[in-house]
Amino acid sequence: MKKITLKFGFVIFGISLILLAVEFFISMILGMAGGLGYYIDATISFIILLTAAIGILAPVSGMLNKKEKINITWKLFILFSFILTTVIFIFMSRFGTESSYWHQYSRGGSYLGSNPVFSSDGKKFIFSSPSTGHGDIYEMDINGLNKKRLTTTKNYEGQPVYSPDGSKICYVRESWDCQIYIMDSNGENQKQLTSGSAVSKNCSFSPDNKQVVFKRTSFRPGYQNGIEEFCIINADGTNQKCLKNDNIDDGSNVVFSPQGDSIYYYIAKTDSSFKMTAAEIWKQNINTLETQLISTISGEIYDIKFSPDFKKIVYIAWQGNQQQHTQIYIANIDGTSAVQLTNTKEYKSAPSFSPDGSRIIFLSTPQGGRGGNDDIISINSDGSGLKIIGSNK
C-alpha cells in the first residue's frame with residue numbers, strides 16, 4: 001500500500017487545523033445551547049481528538065517515510081490514529097469526567113460551586129461565578145457593593161470557604177482533575193494543597209485555621225464509581241491523612257466540629273429505585289475514627305449546612321407534586337422543629353449560616369434557568385427579611 005509523503009503529510013496537517021477550528025466552534029455552540037446527551041457530547045470529543053491525532057501523525061509519518069526509518073502505509077497511519085485517539089479519550093474519561101464541573105455546565109448543566117459564604121465578621125461574602133467564561137471566585141460586601149474578582153486563571157475555580165479568622169480561603173481548582181487550593185482572603189498567595197489523580201472537593205477549615213478537611217474520590221481497579229474518603233491536610237500542604245470511613249456518598253459536605261476533634265457530614269439514603277428517602281447526619285472522631293449517627297431526616301433533602309454552634313441545620317427540600325421547585329428549611333440538628341423559611345417557586349441551592357447564626361445566604365435560580373444565572377439571597381433565620389443582595393452573573 002502506498003506510503004505517506006512528507007508533502008502530503010503537511011497538507012493533511014493544514015486541513016486538520018481548519019477542521020479543528022470548525023469542530024471546536026460547533027462544540028461550543030452546541031454545548032452552550034445545552035440539551036446535549038452524554039453520548040453525543042462524547043462523540044464530538046472523540047472526533048476532535050481524532051482530527052488532532054491525524055493532523056499530528058500525518059507529517060510525522062511523512063518524515064519517517066522520507067528518512068526510510070519506518071514504512072508507514074495509509075492503513076497503518078489510520079490504525080495508529082485511532083489507537084492514539086482511543087487511549088487519550090479513555091484517559092480523559094477516567095480522570096477528567098468525574099471532576100469536570102465546567103464541562104458539565106458547558107453541556108447545559110447547572111453551574112456547580114457558586115457556594116455563597118459569609119466572612120467571619122459577616123460584612124462580606126464570597127462565591128464563584130461562570131461570568132468570566134470558565135469560573136472564578138469573587139468577594140462582595142453584604143450590601144451587594146464592591147464586587148472583587150479573586151482568581152484569574154483559565155481553570156474552573158469554585159466551592160470557596162473562608163477560614164474562621166477570615167484570613168484565608170480554601171477552594172477547588174479544576175484542570176485535568178480537581179485539587180484543593182488555599183489563598184489569602186484578598187486573592188494573593190494562591191497555593192495548591194493536594195495533588196495526584198484523585199478528585200478533591202468540599203473543603204473546610206479547622207477551628208484553629210491550621211488544617212483543612214475535604215472529600216476525595218480516588219479511582220482504583222475494581223471500584224466502578226471510585227472510593228470516597230474524608231482527608232485532612234495541614235494548611236501549609238503537609239501531613240495529609242485520610243480517615244477510614246465506609247459511610248460516605250457523593251453529596252457529603254464535611255466540616256470540623258467546634259472543638260476540632262471531630263467532623264460532621266451527611267449522607268443520602270435511597271430506596272430500591274435510587275430515590276432519596278432520607279438524609280442521615282453523622283459525626284466522626286478524627287483520632288479514634290468512631291462514628292456516631294446524630295439524626296435521620298425523612299424526605300428528599302440535600303445541601304445540609306450547620307449553624308456555628310452546631311445546634312441548628314439549614315437545608316434544601318423539594319416541594320410540589322412533581323418536585324417543581326425547592327424551599328429552604330431550618331431545623332434542630334436532630335431534625336426536630338423544622339420550619340420552612342421560603343415559599344417561592346425559584347430553584348434554591350447552597351444555603352449557609354452567617355457567623356452569628358442570625359442570617360442565611362443562598363442562591364435562587366429562576367424557573368427554566370440553570371445555575372450560573374442566580375440571585376444571591378439573604379434571609380433571617382426566623383424567615384423574615386428576605387432580600388436580594390447580589391448576583392453570580
# chains A, B, ... in the order shown; residues from 1 in each chain; ligands from 1
$ residues_around --residues "Lys124 (chain A)" --least-positions-apart "6" --cutoff "7 Å" --atoms "only C-alpha atoms" --output "MDAnalysis selection string"
chainID A and resid 118 139:142
$ write_last_selection --atoms "N, CA and C atoms" --output "PDB file, in the first residue's frame"
ATOM      1  N   PHE A 118     -20.602  33.606  54.078  1.00  0.00           N
ATOM      2  CA  PHE A 118     -20.279  34.815  54.821  1.00  0.00           C
ATOM      3  C   PHE A 118     -18.822  34.813  55.273  1.00  0.00           C
ATOM      4  N   GLU A 139     -15.473  38.216  45.707  1.00  0.00           N
ATOM      5  CA  GLU A 139     -15.860  38.686  47.027  1.00  0.00           C
ATOM      6  C   GLU A 139     -16.732  39.931  46.858  1.00  0.00           C
ATOM      7  N   MET A 140     -17.712  40.107  47.757  1.00  0.00           N
ATOM      8  CA  MET A 140     -18.619  41.241  47.663  1.00  0.00           C
ATOM      9  C   MET A 140     -19.062  41.652  49.067  1.00  0.00           C
ATOM     10  N   ASP A 141     -19.288  42.950  49.270  1.00  0.00           N
ATOM     11  CA  ASP A 141     -19.856  43.411  50.527  1.00  0.00           C
ATOM     12  C   ASP A 141     -21.265  42.875  50.679  1.00  0.00           C
ATOM     13  N   ILE A 142     -21.737  42.732  51.916  1.00  0.00           N
ATOM     14  CA  ILE A 142     -23.044  42.150  52.161  1.00  0.00           C
ATOM     15  C   ILE A 142     -24.173  43.017  51.623  1.00  0.00           C
TER      16      ILE A 142
END
$ atom_distance --atom1 "CA of Ile316 (chain A)" --atom2 "CA of Glu280 (chain A)"
14.1 Å
$ closest_residue --among "A:Asp236, A:Glu346, A:Glu300, A:Asp177" --to "Lys191 (chain A)" --atoms "only C-alpha atoms"
A:Asp236
$ residues_around --residues "region 197-200 of chain A" --least-positions-apart "3" --cutoff "6 Å" --atoms "only C-alpha atoms" --output "VMD selection string"
chain A and resid 177 to 179 215 to 218
$ residues_around --residues "Tyr171 (chain A)" --least-positions-apart "5" --cutoff "12 Å" --atoms "only C-alpha atoms" --output "PyMOL selection string"
chain A and resi 113-115+117+126-128+135-138+150-151+156-163+178-185+187+190-194+200-205+212-214
$ residues_around --residues "region 246-248 of chain A" --least-positions-apart "2" --cutoff "9 Å" --atoms "only C-alpha atoms" --output "number ranges by chain"
A: 228-230, 244, 250-252, 265-268, 282
$ write_last_selection --atoms "C-alpha atoms" --output "PDB file, in the first residue's frame"
ATOM      1  CA  GLU A 228     -14.913   8.209  48.693  1.00  0.00           C
ATOM      2  CA  GLU A 229     -12.707   9.336  51.601  1.00  0.00           C
ATOM      3  CA  PHE A 230     -12.538  12.224  54.035  1.00  0.00           C
ATOM      4  CA  LYS A 244     -11.220   5.218  57.388  1.00  0.00           C
ATOM      5  CA  ASP A 250     -21.108  11.889  46.770  1.00  0.00           C
ATOM      6  CA  GLY A 251     -23.325  14.510  48.443  1.00  0.00           C
ATOM      7  CA  SER A 252     -21.444  14.670  51.719  1.00  0.00           C
ATOM      8  CA  TYR A 265     -21.192  15.223  57.438  1.00  0.00           C
ATOM      9  CA  TYR A 266     -24.402  13.890  55.928  1.00  0.00           C
ATOM     10  CA  ILE A 267     -25.268  11.060  53.548  1.00  0.00           C
ATOM     11  CA  ALA A 268     -28.304  10.301  51.388  1.00  0.00           C
ATOM     12  CA  TRP A 282     -23.100  11.726  61.184  1.00  0.00           C
TER      13      TRP A 282
END
$ decode --residues "region 51-73 of chain A" --atoms "N, CA and C atoms" --output "PDB file, in the first residue's frame"
ATOM      1  N   THR A  51      -9.286  14.100  14.900  1.00  0.00           N
ATOM      2  CA  THR A  51      -8.789  15.104  13.955  1.00  0.00           C
ATOM      3  C   THR A  51      -7.405  15.593  14.358  1.00  0.00           C
ATOM      4  N   ALA A  52      -7.223  15.845  15.653  1.00  0.00           N
ATOM      5  CA  ALA A  52      -5.920  16.300  16.144  1.00  0.00           C
ATOM      6  C   ALA A  52      -4.854  15.220  15.943  1.00  0.00           C
ATOM      7  N   ALA A  53      -5.211  13.965  16.227  1.00  0.00           N
ATOM      8  CA  ALA A  53      -4.256  12.862  16.066  1.00  0.00           C
ATOM      9  C   ALA A  53      -3.831  12.709  14.611  1.00  0.00           C
ATOM     10  N   ILE A  54      -4.789  12.790  13.691  1.00  0.00           N
ATOM     11  CA  ILE A  54      -4.469  12.691  12.260  1.00  0.00           C
ATOM     12  C   ILE A  54      -3.557  13.836  11.829  1.00  0.00           C
ATOM     13  N   GLY A  55      -3.861  15.039  12.304  1.00  0.00           N
ATOM     14  CA  GLY A  55      -3.051  16.196  11.942  1.00  0.00           C
ATOM     15  C   GLY A  55      -1.622  16.104  12.442  1.00  0.00           C
ATOM     16  N   ILE A  56      -1.449  15.512  13.626  1.00  0.00           N
ATOM     17  CA  ILE A  56      -0.103  15.392  14.203  1.00  0.00           C
ATOM     18  C   ILE A  56       0.668  14.232  13.568  1.00  0.00           C
ATOM     19  N   LEU A  57       0.003  13.093  13.402  1.00  0.00           N
ATOM     20  CA  LEU A  57       0.696  11.897  12.914  1.00  0.00           C
ATOM     21  C   LEU A  57       1.018  11.941  11.423  1.00  0.00           C
ATOM     22  N   ALA A  58       0.245  12.724  10.629  1.00  0.00           N
ATOM     23  CA  ALA A  58       0.477  12.754   9.181  1.00  0.00           C
ATOM     24  C   ALA A  58       1.877  13.278   8.817  1.00  0.00           C
ATOM     25  N   PRO A  59       2.287  14.489   9.270  1.00  0.00           N
ATOM     26  CA  PRO A  59       3.646  14.946   8.930  1.00  0.00           C
ATOM     27  C   PRO A  59       4.729  14.095   9.574  1.00  0.00           C
ATOM     28  N   VAL A  60       4.437  13.554  10.779  1.00  0.00           N
ATOM     29  CA  VAL A  60       5.415  12.676  11.425  1.00  0.00           C
ATOM     30  C   VAL A  60       5.630  11.423  10.569  1.00  0.00           C
ATOM     31  N   SER A  61       4.530  10.851  10.066  1.00  0.00           N
ATOM     32  CA  SER A  61       4.634   9.668   9.193  1.00  0.00           C
ATOM     33  C   SER A  61       5.395  10.010   7.920  1.00  0.00           C
ATOM     34  N   GLY A  62       5.130  11.192   7.347  1.00  0.00           N
ATOM     35  CA  GLY A  62       5.829  11.603   6.140  1.00  0.00           C
ATOM     36  C   GLY A  62       7.322  11.734   6.360  1.00  0.00           C
ATOM     37  N   MET A  63       7.720  12.303   7.491  1.00  0.00           N
ATOM     38  CA  MET A  63       9.147  12.464   7.802  1.00  0.00           C
ATOM     39  C   MET A  63       9.825  11.110   8.006  1.00  0.00           C
ATOM     40  N   LEU A  64       9.140  10.191   8.724  1.00  0.00           N
ATOM     41  CA  LEU A  64       9.721   8.867   8.946  1.00  0.00           C
ATOM     42  C   LEU A  64       9.858   8.103   7.632  1.00  0.00           C
ATOM     43  N   ASN A  65       8.859   8.235   6.749  1.00  0.00           N
ATOM     44  CA  ASN A  65       8.945   7.570   5.446  1.00  0.00           C
ATOM     45  C   ASN A  65      10.055   8.149   4.593  1.00  0.00           C
ATOM     46  N   LYS A  66      10.241   9.485   4.666  1.00  0.00           N
ATOM     47  CA  LYS A  66      11.281  10.123   3.863  1.00  0.00           C
ATOM     48  C   LYS A  66      12.666   9.666   4.297  1.00  0.00           C
ATOM     49  N   LYS A  67      12.831   9.479   5.610  1.00  0.00           N
ATOM     50  CA  LYS A  67      14.117   9.021   6.115  1.00  0.00           C
ATOM     51  C   LYS A  67      14.233   7.504   6.084  1.00  0.00           C
ATOM     52  N   GLU A  68      13.142   6.882   5.632  1.00  0.00           N
ATOM     53  CA  GLU A  68      13.102   5.424   5.489  1.00  0.00           C
ATOM     54  C   GLU A  68      13.388   4.720   6.813  1.00  0.00           C
ATOM     55  N   LYS A  69      12.898   5.342   7.883  1.00  0.00           N
ATOM     56  CA  LYS A  69      13.048   4.720   9.196  1.00  0.00           C
ATOM     57  C   LYS A  69      12.000   3.626   9.402  1.00  0.00           C
ATOM     58  N   ILE A  70      10.737   3.979   9.053  1.00  0.00           N
ATOM     59  CA  ILE A  70       9.622   3.035   9.174  1.00  0.00           C
ATOM     60  C   ILE A  70       8.772   3.153   7.920  1.00  0.00           C
ATOM     61  N   ASN A  71       8.296   2.039   7.417  1.00  0.00           N
ATOM     62  CA  ASN A  71       7.430   2.057   6.242  1.00  0.00           C
ATOM     63  C   ASN A  71       5.967   2.188   6.703  1.00  0.00           C
ATOM     64  N   ILE A  72       5.510   3.448   6.854  1.00  0.00           N
ATOM     65  CA  ILE A  72       4.153   3.692   7.346  1.00  0.00           C
ATOM     66  C   ILE A  72       3.209   3.881   6.165  1.00  0.00           C
ATOM     67  N   THR A  73       2.340   2.903   5.964  1.00  0.00           N
ATOM     68  CA  THR A  73       1.343   2.982   4.904  1.00  0.00           C
ATOM     69  C   THR A  73       0.100   3.703   5.416  1.00  0.00           C
TER      70      THR A  73
END
